$ cat protein08.csv   # CSV, C-alpha atoms
chain,number,residue,atom,x,y,z
A,1,MET,CA,3.6,19.0,-19.9
A,2,SER,CA,6.0,18.2,-17.0
A,3,THR,CA,8.4,15.3,-17.4
A,4,PRO,CA,7.8,12.7,-14.7
A,5,THR,CA,10.6,12.2,-12.3
A,6,ILE,CA,10.3,9.1,-10.0
A,7,THR,CA,12.4,9.2,-6.8
A,8,SER,CA,10.8,6.2,-5.0
A,9,LEU,CA,9.9,2.9,-6.6
A,10,ALA,CA,7.8,0.3,-4.8
A,11,PHE,CA,5.5,-2.6,-5.6
A,12,LEU,CA,2.2,-3.9,-4.2
A,13,THR,CA,1.6,-7.7,-4.3
A,14,PRO,CA,-1.7,-9.6,-3.5
A,15,GLY,CA,0.1,-12.4,-1.7
A,16,ASN,CA,-1.7,-15.2,-3.5
A,17,PHE,CA,-1.8,-18.8,-2.3
A,18,ALA,CA,-3.6,-22.0,-3.1
A,19,ASP,CA,-6.5,-23.1,-0.9
A,20,ASP,CA,-4.8,-26.4,-0.1
A,21,ASP,CA,-1.3,-25.1,0.3
A,22,PRO,CA,-1.1,-21.6,1.8
A,23,TYR,CA,2.5,-22.0,3.0
A,24,THR,CA,4.0,-22.2,-0.5
A,25,GLY,CA,2.2,-19.0,-1.7
A,26,LEU,CA,3.1,-17.0,1.4
A,27,GLU,CA,6.7,-18.2,1.3
A,28,GLU,CA,6.9,-17.2,-2.3
A,29,THR,CA,5.6,-13.7,-1.4
A,30,LEU,CA,8.3,-13.4,1.2
A,31,GLN,CA,10.8,-14.4,-1.4
A,32,LEU,CA,9.4,-11.7,-3.7
A,33,PHE,CA,10.1,-9.1,-1.0
A,34,GLU,CA,13.7,-10.4,-0.8
A,35,TYR,CA,13.9,-10.2,-4.6
A,36,GLY,CA,12.6,-6.7,-4.7
A,37,GLU,CA,15.2,-5.7,-2.1
A,38,ARG,CA,18.0,-7.2,-4.2
A,39,LEU,CA,16.7,-5.2,-7.2
A,40,ASP,CA,17.0,-2.0,-5.1
A,41,PHE,CA,13.3,-1.3,-5.0
A,42,ASP,CA,12.6,1.3,-2.3
A,43,GLY,CA,9.4,-0.4,-1.0
A,44,ALA,CA,7.5,-3.7,-0.9
A,45,TRP,CA,3.8,-3.6,0.0
A,46,ILE,CA,1.3,-6.3,0.7
A,47,ARG,CA,-2.5,-6.2,0.4
A,48,GLN,CA,-4.7,-7.2,3.4
A,49,ARG,CA,-7.6,-9.4,2.3
A,50,HIS,CA,-10.2,-11.2,4.3
A,51,LEU,CA,-11.9,-14.5,3.3
A,52,GLU,CA,-9.7,-14.6,0.2
A,53,HIS,CA,-6.5,-16.4,-0.8
A,54,GLY,CA,-4.3,-13.6,0.5
A,55,VAL,CA,-2.8,-12.1,3.7
A,56,ALA,CA,-5.5,-11.6,6.3
A,57,SER,CA,-3.1,-9.9,8.8
A,58,ALA,CA,-0.6,-7.5,7.3
A,59,ALA,CA,1.1,-6.9,10.7
A,60,VAL,CA,1.9,-10.6,11.0
A,61,PHE,CA,3.2,-10.9,7.4
A,62,LEU,CA,5.3,-7.7,7.7
A,63,GLY,CA,6.8,-9.0,11.0
A,64,ALA,CA,8.0,-12.0,9.0
A,65,ALA,CA,9.1,-9.8,6.1
A,66,GLY,CA,11.1,-7.6,8.4
A,67,GLN,CA,13.2,-10.6,9.4
A,68,ARG,CA,13.9,-11.6,5.7
A,69,THR,CA,14.9,-8.1,4.5
A,70,GLU,CA,17.2,-5.4,5.8
A,71,ARG,CA,16.6,-2.1,4.0
A,72,ILE,CA,13.4,-2.0,1.9
A,73,GLU,CA,10.3,-0.2,3.2
A,74,LEU,CA,7.6,-2.6,4.2
A,75,GLY,CA,4.0,-1.4,3.5
A,76,THR,CA,0.5,-2.6,3.6
A,77,ALA,CA,-2.3,-1.2,1.3
A,78,VAL,CA,-4.7,-1.3,2.8
A,79,ILE,CA,-6.0,-2.4,6.2
A,80,PRO,CA,-9.8,-2.1,6.3
A,81,ILE,CA,-10.2,-0.5,9.7
A,82,GLY,CA,-13.7,-1.8,10.3
A,83,TYR,CA,-12.4,-5.2,11.4
A,84,GLU,CA,-9.7,-3.9,13.7
A,85,SER,CA,-9.4,-3.0,17.4
A,86,PRO,CA,-7.6,0.4,17.4
A,87,PHE,CA,-5.4,-0.5,20.4
A,88,ARG,CA,-4.7,-4.1,19.6
A,89,LEU,CA,-3.8,-3.3,16.0
A,90,ALA,CA,-1.5,-0.5,17.1
A,91,GLU,CA,0.3,-3.0,19.4
A,92,ASP,CA,0.8,-5.4,16.5
A,93,LEU,CA,2.0,-2.7,14.1
A,94,ALA,CA,4.4,-1.2,16.7
A,95,LEU,CA,5.9,-4.6,17.4
A,96,ALA,CA,6.4,-5.4,13.7
A,97,ASP,CA,7.9,-1.9,13.2
A,98,VAL,CA,10.4,-2.3,16.0
A,99,LEU,CA,11.4,-5.7,14.7
A,100,SER,CA,12.0,-4.2,11.2
A,101,ARG,CA,14.0,-1.3,12.7
A,102,GLY,CA,11.4,1.3,11.7
A,103,ARG,CA,10.6,0.4,8.1
A,104,LEU,CA,6.8,0.0,8.2
A,105,GLN,CA,4.5,2.1,6.0
A,106,ILE,CA,0.9,1.5,6.9
A,107,GLY,CA,-2.0,2.2,4.7
A,108,PHE,CA,-5.6,2.2,5.9
A,109,SER,CA,-9.1,2.3,4.4
A,110,THR,CA,-12.5,2.6,5.9
A,111,GLY,CA,-15.3,0.0,5.5
A,112,MET,CA,-15.7,-3.7,5.9
A,113,PRO,CA,-15.5,-5.9,2.8
A,114,HIS,CA,-17.7,-8.9,3.2
A,115,ALA,CA,-19.4,-7.3,6.2
A,116,GLU,CA,-22.5,-9.4,5.8
A,117,LEU,CA,-20.4,-12.5,6.4
A,118,LEU,CA,-17.8,-11.2,8.9
A,119,GLY,CA,-19.4,-8.5,10.9
A,120,ASP,CA,-21.1,-10.8,13.4
A,121,LEU,CA,-18.0,-13.0,13.7
A,122,VAL,CA,-15.7,-10.0,14.6
A,123,TYR,CA,-18.0,-8.2,17.0
A,124,ASP,CA,-20.0,-9.2,20.0
A,125,GLY,CA,-23.2,-7.2,19.6
A,126,ASP,CA,-24.6,-5.0,16.8
A,127,TRP,CA,-21.6,-3.5,15.1
A,128,ARG,CA,-23.7,-1.6,12.7
A,129,GLY,CA,-23.9,1.3,15.1
A,130,PHE,CA,-20.1,1.5,15.7
A,131,ASP,CA,-17.8,4.1,14.2
A,132,LEU,CA,-16.1,2.1,11.5
A,133,SER,CA,-14.9,5.1,9.5
A,134,TYR,CA,-12.3,7.8,9.9
A,135,GLY,CA,-12.7,8.1,13.7
A,136,ARG,CA,-11.5,4.5,14.1
A,137,ILE,CA,-8.3,5.2,12.1
A,138,ALA,CA,-7.8,8.4,14.3
A,139,ARG,CA,-7.9,6.1,17.4
A,140,VAL,CA,-5.1,3.9,15.9
A,141,LEU,CA,-3.0,7.0,15.3
A,142,ASP,CA,-3.6,8.3,18.8
A,143,ASN,CA,-2.4,4.9,20.2
A,144,LEU,CA,0.7,4.9,17.9
A,145,ARG,CA,1.7,8.3,19.2
A,146,GLY,CA,2.4,6.6,22.6
A,147,ASP,CA,0.8,9.0,25.0
A,148,HIS,CA,0.6,7.7,28.5
A,149,ILE,CA,-2.7,6.2,29.6
A,150,GLY,CA,-4.4,7.5,32.8
A,151,GLY,CA,-3.4,10.4,34.9
A,152,PRO,CA,0.1,11.5,35.7
A,153,ASP,CA,0.2,9.3,38.8
A,154,THR,CA,-1.2,6.2,37.1
A,155,VAL,CA,1.3,3.3,37.1
A,156,ILE,CA,1.2,-0.4,36.5
A,157,HIS,CA,3.2,-3.1,38.3
A,158,SER,CA,4.7,-6.0,36.5
A,159,PRO,CA,7.4,-8.4,37.4
A,160,GLY,CA,10.6,-6.5,37.7
A,161,ASN,CA,9.4,-2.9,37.2
A,162,THR,CA,6.8,-0.2,37.8
A,163,GLN,CA,6.0,2.0,34.9
A,164,ARG,CA,3.5,4.5,33.5
A,165,PRO,CA,1.2,2.6,31.1
A,166,ARG,CA,1.3,3.3,27.3
A,167,LEU,CA,1.4,1.3,24.1
A,168,GLN,CA,4.2,-1.2,24.2
A,169,PRO,CA,6.5,-1.5,22.4
A,170,TYR,CA,6.4,2.2,21.5
A,171,SER,CA,8.0,2.8,18.1
A,172,PRO,CA,8.8,6.5,17.7
A,173,GLY,CA,8.1,7.7,14.2
A,174,LEU,CA,5.5,5.1,13.1
A,175,ALA,CA,2.6,7.5,13.5
A,176,ARG,CA,4.3,9.6,10.9
A,177,ARG,CA,4.4,6.7,8.4
A,178,ILE,CA,0.7,6.2,8.1
A,179,TRP,CA,-1.2,6.5,4.7
A,180,TYR,CA,-4.7,6.5,3.6
A,181,GLY,CA,-6.1,4.9,0.4
A,182,GLY,CA,-8.2,7.8,-0.8
A,183,GLY,CA,-10.5,7.5,-3.8
A,184,SER,CA,-12.9,10.3,-3.0
A,185,LEU,CA,-12.6,14.1,-2.4
A,186,ARG,CA,-13.9,13.7,1.2
A,187,SER,CA,-11.4,10.9,2.0
A,188,VAL,CA,-8.3,12.7,0.6
A,189,ARG,CA,-9.2,15.9,2.5
A,190,TRP,CA,-9.5,13.9,5.7
A,191,ALA,CA,-6.1,12.3,5.0
A,192,ALA,CA,-4.5,15.8,4.5
A,193,GLU,CA,-6.2,17.2,7.6
A,194,ASN,CA,-4.8,14.4,9.7
A,195,GLY,CA,-1.3,14.4,8.2
A,196,LEU,CA,-1.5,11.1,6.5
A,197,GLY,CA,0.2,10.2,3.2
A,198,LEU,CA,-2.0,9.5,0.2
A,199,LEU,CA,-2.2,6.3,-1.7
A,200,SER,CA,-3.9,6.9,-5.0
A,201,GLY,CA,-4.3,3.9,-7.3
A,202,ASN,CA,-6.2,2.8,-10.4
A,203,ILE,CA,-9.7,3.2,-8.8
A,204,VAL,CA,-11.3,6.5,-8.0
A,205,SER,CA,-14.8,8.0,-7.5
A,206,GLY,CA,-16.3,9.8,-10.5
A,207,GLU,CA,-17.3,13.0,-8.8
A,208,GLY,CA,-18.4,15.5,-11.4
A,209,THR,CA,-16.6,13.8,-14.2
A,210,ASP,CA,-16.7,10.5,-16.2
A,211,ASP,CA,-12.9,10.8,-17.0
A,212,PHE,CA,-10.5,8.9,-14.7
A,213,THR,CA,-7.6,11.3,-15.3
A,214,THR,CA,-9.6,14.4,-14.4
A,215,ALA,CA,-11.0,12.7,-11.3
A,216,GLN,CA,-7.6,11.7,-10.1
A,217,LEU,CA,-6.1,15.1,-10.8
A,218,ASN,CA,-8.9,16.6,-8.7
A,219,LEU,CA,-8.0,14.3,-5.9
A,220,LEU,CA,-4.4,15.3,-5.9
A,221,ALA,CA,-5.3,19.0,-6.0
A,222,ALA,CA,-7.7,18.6,-3.1
A,223,TYR,CA,-5.2,16.7,-1.0
A,224,ARG,CA,-2.4,19.2,-1.5
A,225,SER,CA,-4.6,22.3,-0.9
A,226,THR,CA,-6.1,21.0,2.4
A,227,PRO,CA,-4.2,22.2,5.5
A,228,SER,CA,-3.5,19.9,8.3
A,229,VAL,CA,-5.4,20.4,11.5
A,230,ARG,CA,-2.9,18.4,13.5
A,231,GLY,CA,0.0,20.8,12.9
A,232,VAL,CA,1.9,18.5,10.6
A,233,GLU,CA,4.1,20.9,8.7
A,234,PRO,CA,5.5,19.0,5.7
A,235,PRO,CA,2.9,17.8,3.1
A,236,GLY,CA,2.2,14.1,3.3
A,237,ARG,CA,3.8,11.8,0.8
A,238,VAL,CA,1.8,10.9,-2.3
A,239,ALA,CA,2.3,7.5,-4.0
A,240,LEU,CA,0.6,6.6,-7.3
A,241,GLY,CA,-0.4,3.0,-8.0
A,242,ARG,CA,-0.6,1.7,-11.5
A,243,VAL,CA,-0.8,-1.9,-12.9
A,244,ILE,CA,2.3,-1.9,-15.2
A,245,VAL,CA,3.2,-5.1,-17.0
A,246,PRO,CA,6.2,-5.0,-19.3
A,247,LEU,CA,6.5,-7.7,-21.9
A,248,ASP,CA,10.2,-7.4,-22.8
A,249,SER,CA,11.7,-10.5,-21.1
A,250,ALA,CA,8.5,-12.5,-21.0
A,251,ASP,CA,8.2,-15.6,-23.1
A,252,ALA,CA,5.4,-16.0,-25.7
A,253,ALA,CA,3.0,-17.6,-23.3
A,254,GLY,CA,3.6,-14.9,-20.7
A,255,ARG,CA,3.0,-12.2,-23.2
A,256,ALA,CA,-0.3,-13.8,-24.3
A,257,ARG,CA,-1.3,-14.2,-20.6
A,258,TYR,CA,-0.5,-10.5,-19.8
A,259,ARG,CA,-2.5,-9.2,-22.8
A,260,ALA,CA,-5.4,-11.4,-22.0
A,261,TYR,CA,-5.4,-10.2,-18.4
A,262,ALA,CA,-5.5,-6.6,-19.5
A,263,ALA,CA,-8.2,-7.3,-22.1
A,264,SER,CA,-10.4,-9.0,-19.5
A,265,ARG,CA,-10.4,-5.8,-17.4
A,266,HIS,CA,-10.7,-3.2,-20.1
A,267,ALA,CA,-14.5,-3.0,-20.3
A,268,ARG,CA,-14.7,-1.5,-16.8
A,269,THR,CA,-12.5,1.5,-17.9
A,270,LEU,CA,-15.0,2.6,-20.5
A,271,ALA,CA,-17.7,4.1,-18.2
A,272,PRO,CA,-18.4,4.8,-14.5
A,273,GLN,CA,-19.3,1.5,-12.7
A,274,GLY,CA,-22.0,1.0,-10.0
A,275,PRO,CA,-24.0,3.4,-7.9
A,276,LYS,CA,-20.8,5.2,-6.7
A,277,ARG,CA,-19.7,5.8,-10.2
A,278,THR,CA,-16.4,4.2,-9.7
A,279,LEU,CA,-13.8,4.9,-12.4
A,280,PHE,CA,-10.9,2.5,-13.4
A,281,ALA,CA,-7.6,3.3,-15.0
A,282,PRO,CA,-6.6,1.0,-17.9
A,283,ASP,CA,-3.7,-1.4,-17.2
A,284,VAL,CA,-0.4,-0.4,-18.8
A,285,VAL,CA,0.8,-3.4,-20.7
A,286,GLY,CA,3.4,-3.5,-23.5
A,287,THR,CA,7.0,-3.2,-24.2
A,288,ALA,CA,9.1,-0.9,-22.1
A,289,GLU,CA,9.1,1.7,-24.9
A,290,GLN,CA,5.3,1.5,-25.2
A,291,ILE,CA,4.9,1.8,-21.4
A,292,LEU,CA,7.2,4.8,-21.2
A,293,GLU,CA,5.2,6.5,-23.9
A,294,GLN,CA,2.0,6.0,-22.0
A,295,LEU,CA,3.4,7.1,-18.6
A,296,THR,CA,5.1,10.2,-19.9
A,297,ALA,CA,1.8,11.3,-21.6
A,298,ASP,CA,-0.1,10.7,-18.3
A,299,PRO,CA,-0.7,14.1,-16.6
A,300,VAL,CA,-1.3,12.4,-13.3
A,301,PHE,CA,2.0,10.7,-13.5
A,302,ALA,CA,3.7,14.1,-13.9
A,303,GLN,CA,2.3,15.2,-10.5
A,304,VAL,CA,4.0,12.5,-8.3
A,305,SER,CA,7.4,11.3,-7.5
A,306,GLU,CA,6.5,7.9,-5.9
A,307,LEU,CA,5.4,5.0,-8.1
A,308,ARG,CA,3.9,1.8,-6.7
A,309,LEU,CA,3.5,-1.1,-9.2
A,310,GLU,CA,0.3,-2.9,-8.5
A,311,LEU,CA,1.0,-6.5,-9.4
A,312,PRO,CA,-1.8,-8.4,-11.0
A,313,TYR,CA,-3.8,-11.0,-9.0
A,314,GLU,CA,-3.2,-14.7,-9.5
A,315,PHE,CA,0.1,-14.5,-11.4
A,316,HIS,CA,3.0,-16.8,-10.6
A,317,ARG,CA,6.2,-15.8,-8.7
A,318,GLU,CA,8.3,-16.1,-11.8
A,319,GLU,CA,6.0,-13.7,-13.7
A,320,TYR,CA,6.1,-11.2,-10.8
A,321,GLU,CA,9.9,-11.3,-10.8
A,322,GLN,CA,10.0,-10.7,-14.5
A,323,ILE,CA,7.7,-7.7,-14.2
A,324,LEU,CA,9.8,-6.3,-11.4
A,325,HIS,CA,13.1,-7.0,-13.3
A,326,ASP,CA,11.9,-5.3,-16.5
A,327,THR,CA,10.4,-2.3,-14.6
A,328,ARG,CA,13.6,-1.8,-12.6
A,329,HIS,CA,16.0,-2.1,-15.5
A,330,LEU,CA,14.1,-0.8,-18.5
A,331,ILE,CA,11.5,1.6,-17.3
A,332,ALA,CA,12.3,3.2,-13.9
A,333,PRO,CA,15.7,4.6,-14.9
A,334,GLU,CA,14.1,6.3,-17.9
A,335,LEU,CA,11.8,8.1,-15.5
A,336,GLY,CA,14.7,9.5,-13.5
A,337,TRP,CA,14.7,6.9,-10.7
A,338,ARG,CA,18.0,5.9,-9.2
A,339,PRO,CA,18.7,3.1,-6.7
A,340,ALA,CA,19.2,4.4,-3.2
A,341,SER,CA,22.5,2.5,-3.0
A,342,LEU,CA,23.8,4.3,-6.1
A,343,THR,CA,22.6,7.7,-4.8
A,344,ALA,CA,24.3,7.1,-1.5
A,345,ARG,CA,27.6,6.2,-3.3
A,346,GLN,CA,27.4,9.3,-5.4
A,347,THR,CA,26.7,11.5,-2.4
A,348,VAL,CA,29.7,10.0,-0.6
A,349,GLY,CA,31.9,10.4,-3.7

$ encode --input "protein08.csv" --output "structure tokens"
Amino acid sequence: MSTPTITSLAFLTPGNFADDDPYTGLEETLQLFEYGERLDFDGAWIRQRHLEHGVASAAVFLGAAGQRTERIELGTAVIPIGYESPFRLAEDLALADVLSRGRLQIGFSTGMPHAELLGDLVYDGDWRGFDLSYGRIARVLDNLRGDHIGGPDTVIHSPGNTQRPRLQPYSPGLARRIWYGGGSLRSVRWAAENGLGLLSGNIVSGEGTDDFTTAQLNLLAAYRSTPSVRGVEPPGRVALGRVIVPLDSADAAGRARYRAYAASRHARTLAPQGPKRTLFAPDVVGTAEQILEQLTADPVFAQVSELRLELPYEFHREEYEQILHDTRHLIAPELGWRPASLTARQTVG
């Protein structure tokens, strides 16, 4: 079995807040991004969630995070494309990317969570006949590439200038930093064909197997064997998401809480769930030594070099900081990861 070697370490946080005090929770999430940068994490990611106590607009949040950090990659996993205007979303993402000096990593998914409640509020007319799947993501990508709109002689006049119209601001390179949260064979092949990176987490479809590990290995193989139809030469980046909760520096109450959290979610890992036969990976909870033993024995983990910690829902900022601290100092270095600042110093030396 191959020894895992992690070259990129990131985390994904849900951005919790209280119903009667959203500011405090959102501010603490921004502080967590700052803390992750101080720990030399390579990336900090936010979930986008609608009708929940979480970030409803990743572009707005990442615009703020870009002003609070300097180096760390800023990601979102994932934006459900069904609620988005492909051009307006591209404008918001490009603006946030420019303000962050090119640090955004944008993950998408298809579908519309809570569609029965939100569909009619988002769209004028019957949205059920619209393309809310891959084609809508492709339109966002086309807009981010910054092609001019209209014919070669088309111009717009605004105060102070005349120019050919296209997405503004245009952020070169953002279209090459797009990911797809793929959990099925069809979705990962589409991501590969379109040159998107692959986000593969702890939820996959059970296609031809009841075993989570087998299903996820099949997804990685399908993604890597599918050629791009857009002429993107290098293979897309692959990031593996896992819920990893080290106990080492937690107090007794924290350890009990972490174990109870994992236990409450264990039943779903025992068999496929629902009509789509969804498979769940167990949470990885224990001491650093126990976690390393589990990770190094995971054949999926040996296939990737980018790890994204999926932080649990509804934990407190101090608990998130403890998880990040222990992972950065006790786990990641044992997996071959080195801080970018250290690697840069060694290269110069």

$ atom_distance --input "protein08.csv" --atom1 "atom CA of A:Ile244" --atom2 "atom CA of A:Arg49"
21.5 Å

$ residues_around --input "protein08.csv" --residues "A:Pro275" --least-positions-apart "3" --cutoff "12 Å" --atoms "all atoms listed in the file" --output "JSON, numbers by chain"
{"A": [205, 206, 207, 272, 278, 279]}

$ atom_distance --input "protein08.csv" --atom1 "atom CA of A:Ala191" --atom2 "atom CA of A:Ala65"
26.8 Å

$ atom_distance --input "protein08.csv" --atom1 "atom CA of A:Met112" --atom2 "atom CA of A:Arg317"
29.0 Å

$ residues_around --input "protein08.csv" --residues "A:Gly201" --least-positions-apart "3" --cutoff "9 Å" --atoms "only C-alpha atoms" --output "list in words"
Gly181, Gly182, Gly183, Val204, Gln216, Ala239, Leu240, Gly241, Arg242, Val243, Ala281, Arg308 and Glu310 of chain A

$ residues_around --input "protein08.csv" --residues "stretch 139-142 of chain A" --least-positions-apart "2" --cutoff "6 Å" --atoms "all atoms listed in the file" --output "PyMOL selection string"
chain A and resi 86+90+136-137+144-145+175

$ closest_residue --input "protein08.csv" --among "A:Glu319, A:His329, A:Leu39, A:Ser225" --to "A:Asp251" --atoms "only C-alpha atoms"
A:Glu319

$ closest_atom_pairs --input "protein08.csv" --of "stretch 74-180 of chain A" --to "stretch 5-25 of chain A" --cutoff "12 Å" --atoms "only C-alpha atoms" --output "JSON lines"
{"residue": "A:Leu74", "atom": "CA", "partner": "A:Ala10", "partner_atom": "CA", "distance": 9.5}
{"residue": "A:Gly75", "atom": "CA", "partner": "A:Leu12", "partner_atom": "CA", "distance": 8.3}
{"residue": "A:Thr76", "atom": "CA", "partner": "A:Leu12", "partner_atom": "CA", "distance": 8.1}
{"residue": "A:Ala77", "atom": "CA", "partner": "A:Leu12", "partner_atom": "CA", "distance": 7.6}
{"residue": "A:Val78", "atom": "CA", "partner": "A:Leu12", "partner_atom": "CA", "distance": 10.2}
{"residue": "A:Gln105", "atom": "CA", "partner": "A:Ala10", "partner_atom": "CA", "distance": 11.4}
{"residue": "A:Gly107", "atom": "CA", "partner": "A:Leu12", "partner_atom": "CA", "distance": 11.6}

$ residues_around --input "protein08.csv" --residues "A:Gly286" --least-positions-apart "6" --cutoff "7 Å" --atoms "all atoms listed in the file" --output "list in words"
Val245, Pro246 and Leu247 of chain A

$ write_last_selection --input "protein08.csv" --atoms "C-alpha atoms" --output "compact mmCIF listing (two decimals), keeping the file's coordinate frame"
# COMPACT_ATOMS: atom_id res chain seq x y z
CA VAL A 245 3.20 -5.10 -17.00
CA PRO A 246 6.20 -5.00 -19.30
CA LEU A 247 6.50 -7.70 -21.90

$ closest_residue --input "protein08.csv" --among "A:Ala94, A:Leu309, A:Ala263, A:Thr327" --to "A:Leu292" --atoms "all atoms listed in the file"
A:Thr327

$ residues_around --input "protein08.csv" --residues "A:Asp131" --least-positions-apart "4" --cutoff "10 Å" --atoms "all atoms listed in the file" --output "number ranges by chain"
A: 81-82, 110-111, 127, 135-137

$ residues_near_point --input "protein08.csv" --point "(2.3, -14.0, -15.6)" --cutoff "7 Å" --atoms "all atoms listed in the file" --output "PyMOL selection string"
chain A and resi 254+257-258+315-316+319-320

$ write_last_selection --input "protein08.csv" --atoms "C-alpha atoms" --output "short mmCIF file (atom, residue, chain, number, x, y, z; two decimals), keeping the file's coordinate frame"
data_model
loop_
_atom_site.label_atom_id
_atom_site.label_comp_id
_atom_site.auth_asym_id
_atom_site.auth_seq_id
_atom_site.Cartn_x
_atom_site.Cartn_y
_atom_site.Cartn_z
CA GLY A 254 3.60 -14.90 -20.70
CA ARG A 257 -1.30 -14.20 -20.60
CA TYR A 258 -0.50 -10.50 -19.80
CA PHE A 315 0.10 -14.50 -11.40
CA HIS A 316 3.00 -16.80 -10.60
CA GLU A 319 6.00 -13.70 -13.70
CA TYR A 320 6.10 -11.20 -10.80
#

$ closest_residue --input "protein08.csv" --among "A:Arg224, A:Arg103, A:Arg128, A:Arg255" --to "A:Trp190" --atoms "all atoms listed in the file"
A:Arg224

$ residues_near_point --input "protein08.csv" --point "(13.6, -9.4, 3.7)" --cutoff "6 Å" --atoms "all atoms listed in the file" --output "tab-separated table (two decimals) with C-alpha atoms, in the coordinates of the input"
chain	number	residue	atom	x	y	z
A	33	PHE	CA	10.10	-9.10	-1.00
A	34	GLU	CA	13.70	-10.40	-0.80
A	65	ALA	CA	9.10	-9.80	6.10
A	66	GLY	CA	11.10	-7.60	8.40
A	67	GLN	CA	13.20	-10.60	9.40
A	68	ARG	CA	13.90	-11.60	5.70
A	69	THR	CA	14.90	-8.10	4.50
A	70	GLU	CA	17.20	-5.40	5.80

$ closest_residue --input "protein08.csv" --among "A:Gln48, A:Ser171, A:Asn202, A:Gln303" --to "A:Arg101" --atoms "all atoms listed in the file"
A:Ser171

$ closest_residue --input "protein08.csv" --among "A:Ser100, A:Glu91, A:Thr226, A:Arg237" --to "A:Trp179" --atoms "only C-alpha atoms"
A:Arg237

$ closest_residue --input "protein08.csv" --among "A:Asp211, A:Asp126, A:Arg189, A:Gly160" --to "A:Leu270" --atoms "all atoms listed in the file"
A:Asp211
